[in-house]
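Student: Let me give you the structure first, and then I'll get to my questions.
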Amino acid sequence: LDCPLLLSTVLLRIGYVDAGVAGSIASTADVLRACIRGIGLAPDSRLISSVFLMEFTDKVLTFGDCAVNPEPSPEQLAQIAADAASTHKALTHQPPKVALLSFSTKGSAEHDKIDKVREALAIAKSRQPELIVDGELQFDAAYVAEIGAIKAPNSPVAGQANVLIFPDLNTGNIAYKITERIGGANAIGPILQGLAKPWIDLSRGCSAEDIVNAAVIASVFARNSPTP
C-alpha cells in the first residue's frame with residue numbers, strides 16, 4: 001500500500017492500532033475514501049456521517065452533518081440525528097436533545113425541503129422512540145428558551161437543544177464555520193460516525209490543539225466502544 005491514509009485504515013482494521021486521526025494535510029474526500037476502503041461500515045450502520053463538537057466556555061453543542069452528506073434523504077437525516085445523539089452523549093455525558101433544523105418552525109412555512117425534515121422526524125421517532133428529538137425548528141426556536149416557548153410551546157426540545165441537525169451540507173458546513181470564526185467556538189471534528197473503527201477527520205485549517213483534541217476523542221471511542 002503506497003497511500004499513507006489507506007495503510008493507516010488497514011492497520012486500524014486489523015487491530016495494529018486502536019484509532020486514527022487524519023486530515024490535516026488531506027481533504028475530507030481523501031480521508032473518507034481511505035476509511036471506506038480500509039475500515040468499512042459498522043455491522044449495524046446504514047451511513048457514514050459527521051458531527052462537530054462546538055465547544056464554548058460554558059457548554060458544548062453538537063452540529064451534524066457538516067462534512068459528509070451533501071443532500072441527505074429523510075432516512076439519512078434521521079440516521080444522522082440518532083448517531084449524533086449517541087456521539088453527544090458519549091463525549092459530553094449530557095442527555096441529548098436533538099433539533100432537526102429548518103427555516104420553518106412547526107408549520108410556519110411550507111416547502112418540499114420542510115417536508116423532508118418532517119419526514120425525517122417521523123422516521124427518527126419510529127426507529128428510536130426514547131430519543132428526545134423534535135422538528136422542524138428554526139435555530140432560534142431550538143436554542144433560545146424564550147423564543148422556543150413562543151414558537152413551539154409544546155416541544156420537548158425547543159429552547160433546550162444541544163444537538164443541532166442541519167437539513168443539508170450547505171447549511172451545516174456554513175453554520176459551523178460561522179460559529180467557530182465569529183461565534184468563538186472551538187470546533188472539534190469532523191468526527192466520523194458509522195464506521196467499524198474510530199477514525200476522526202480534521203479540517204486542513206486545523207491547529208495543533210485541534211489535532212490533540214481529535215486524538216483524545218478517538219481514544220475515548222477506542223476505549224469505550226468499537227464505533228462512535
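By convention here, the chains of the C-alpha cells are called A, B, ... in the order presented, each chain's residues are numbered starting at 1, and ligands are numbered starting at 1 in the order presented.
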Can you tell me which residues surround Ala124 of chain A at a distance of at most 8 Å, considering only C-alpha atoms, apart from same-chain residues fewer than 2 positions away, and format the answer as a VMD selection string?

Tutor: chain A and resid 78 to 79 81 to 82 120 to 122 126 to 129 131 133

Student: Apply DSSP to the structure's backbone, then extract all residues of segment 191-222 of chain A labelled strand (DSSP E) and return them as a PyMOL selection string.

Tutor: chain A and resi 191-193+199-201

Student: Pick out the closest residue to Gly15 of chain A from this set: A:Arg204, A:Ser102, A:Ala196, A:Cys3. Count only C-alpha atoms.

Tutor: A:Ala196

Student: Separation of atom CA of Pro198 of chain A and atom CA of Pro43 of chain A, in Å?

Tutor: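 These two atoms are separated by 13.8 Å.
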
Student: Can you list, as a list in words, every residue of segment 182-211 of chain A that DSSP puts in alpha helix (DSSP H)?

Tutor: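 Going through segment 182-211 of chain A, the alpha helix (DSSP H) residues come out as Ala208, Glu209, Asp210 and Ile211 of chain A.
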
Student: Store the residues of this selection in a file with C-alpha atoms, as a PDB file, in the first residue's frame.

Tutor:
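Saved the output as selection-v8.pdb:
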```
ATOM      1  CA  ALA A 208      -2.026  21.600  16.806  1.00  0.00           C
ATOM      2  CA  GLU A 209      -4.612  21.822  19.579  1.00  0.00           C
ATOM      3  CA  ASP A 210      -7.297  20.588  17.165  1.00  0.00           C
ATOM      4  CA  ILE A 211      -5.189  17.512  16.422  1.00  0.00           C
TER       5      ILE A 211
END
```

Student: Got a sec: who's within 12 Å of Gln138 of chain A, counting only C-alpha atoms, leaving out chain neighbours fewer than 5 positions off, as a list in words?

Tutor: Ala99, Leu100, Leu101, Ser102, Phe103, Ser104, Thr105, Lys106, Gly107, Ser108, Ala109, Ile114, Val117, Tyr143, Val144, Ile147, Gly148, Lys151, Ala152, Val157, Ala158, Gly159, Ala161, Leu164, Ile165, Phe166 and Pro167 of chain A

Student: Find the residue from A:Val212, A:Thr92, A:Lys125, A:Asn173 that sits nearest to Lys59 of chain A; use only C-alpha atoms when measuring.

Tutor: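 Under the stated criterion, the closest residue is A:Thr92.
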
Student: With a distance cut-off of 8 Å and only C-alpha atoms, select the neighbouring residues of Val21 of chain A, excluding the residue or stretch itself and same-chain residues fewer than 2 positions from it, and output the selection as a list of chain:residue names.

Tutor: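 The filter keeps A:Ala19, A:Gly23, A:Trp199, A:Ile200, A:Asp201, A:Leu202, A:Ile211, A:Ala214, A:Ala215, A:Ala218.
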
Student: Can those selected residues be exported to a file as a PDB file, in the first residue's frame so that it contains C-alpha atoms?

Tutor:
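File written: part_38.pdb
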```pdb
ATOM      1  CA  ALA A  19      -7.983   4.564  16.418  1.00  0.00           C
ATOM      2  CA  GLY A  23      -6.950  15.246   7.508  1.00  0.00           C
ATOM      3  CA  TRP A 199     -11.472   7.322  12.590  1.00  0.00           C
ATOM      4  CA  ILE A 200     -11.522  11.101  13.060  1.00  0.00           C
ATOM      5  CA  ASP A 201     -11.172  13.653  10.280  1.00  0.00           C
ATOM      6  CA  LEU A 202      -9.623  17.112  10.610  1.00  0.00           C
ATOM      7  CA  ILE A 211      -5.189  17.512  16.422  1.00  0.00           C
ATOM      8  CA  ALA A 214      -9.281  14.775  17.901  1.00  0.00           C
ATOM      9  CA  ALA A 215      -6.778  12.246  19.232  1.00  0.00           C
ATOM     10  CA  ALA A 218     -10.546   8.900  19.124  1.00  0.00           C
TER      11      ALA A 218
END
```

Student: Nearest to Asn162 of chain A: which of A:Arg223, A:His93, A:Arg118, A:His111 is it, counting only C-alpha atoms?

Tutor: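 Selected residue with least distance to Asn162 of chain A: A:His93.
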
Student: Could you check which of A:Val163, A:Leu169, A:Ile36, A:Ala26 is closest to Glu71 of chain A, using only C-alpha atoms?

Tutor: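 Smallest separation from Glu71 of chain A among the options: A:Leu169.
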
Student: Excluding Leu41 of chain A and its own-chain neighbours fewer than 2 positions away, which residues fall within 10 Å of it when counting only C-alpha atoms? Please give them as a ChimeraX atom specification.

Tutor: /A:35-39,43-48,193-197,227

Student: Write out, as an mmCIF file, in the first residue's frame, the residues just selected, with C-alpha atoms.

Tutor:
```
data_model
loop_
_atom_site.group_PDB
_atom_site.id
_atom_site.type_symbol
_atom_site.label_atom_id
_atom_site.label_comp_id
_atom_site.auth_asym_id
_atom_site.auth_seq_id
_atom_site.Cartn_x
_atom_site.Cartn_y
_atom_site.Cartn_z
ATOM 1 C CA CYS A 35 -11.786 4.723 5.578
ATOM 2 C CA ILE A 36 -14.459 3.290 3.293
ATOM 3 C CA ARG A 37 -11.891 1.022 1.633
ATOM 4 C CA GLY A 38 -9.810 0.223 4.685
ATOM 5 C CA ILE A 39 -12.281 0.160 7.593
ATOM 6 C CA PRO A 43 -22.264 -4.031 11.146
ATOM 7 C CA ASP A 44 -25.421 -2.157 12.154
ATOM 8 C CA SER A 45 -24.606 1.066 10.308
ATOM 9 C CA ARG A 46 -26.510 2.455 7.345
ATOM 10 C CA LEU A 47 -24.435 5.563 6.729
ATOM 11 C CA ILE A 48 -21.187 7.422 7.296
ATOM 12 C CA GLN A 193 -19.880 8.208 12.578
ATOM 13 C CA GLY A 194 -20.987 4.813 11.312
ATOM 14 C CA LEU A 195 -17.553 3.220 10.804
ATOM 15 C CA ALA A 196 -16.370 -0.112 12.192
ATOM 16 C CA LYS A 197 -13.445 1.563 13.993
ATOM 17 C CA THR A 227 -17.637 2.606 16.939
#
```

Student: As an exercise, work out the distance from atom CA of Glu110 of chain A to atom CA of Val51 of chain A in Å and give it to one decimal place.

Tutor: 27.6 Å

Student: Which of these, A:Asn213, A:Lys113, A:Gly205, A:Asp18, has the shortest distance to Glu180 of chain A once you count only C-alpha atoms?

Tutor: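 Using only C-alpha atoms, Glu180 of chain A sits closest to A:Gly205.
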
Student: Between A:Asn186, A:Ala145, A:Thr171, A:Leu6, which is the closest to Asp30 of chain A once you count only C-alpha atoms?

Tutor: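 When distances to Asp30 of chain A are compared using only C-alpha atoms, the smallest one comes from A:Leu6.
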
Student: For a test of reading the model, state the distance in Å between atom CA of Ser24 of chain A and atom CA of Thr57 of chain A, rounded to one decimal.

Tutor: 25.0 Å
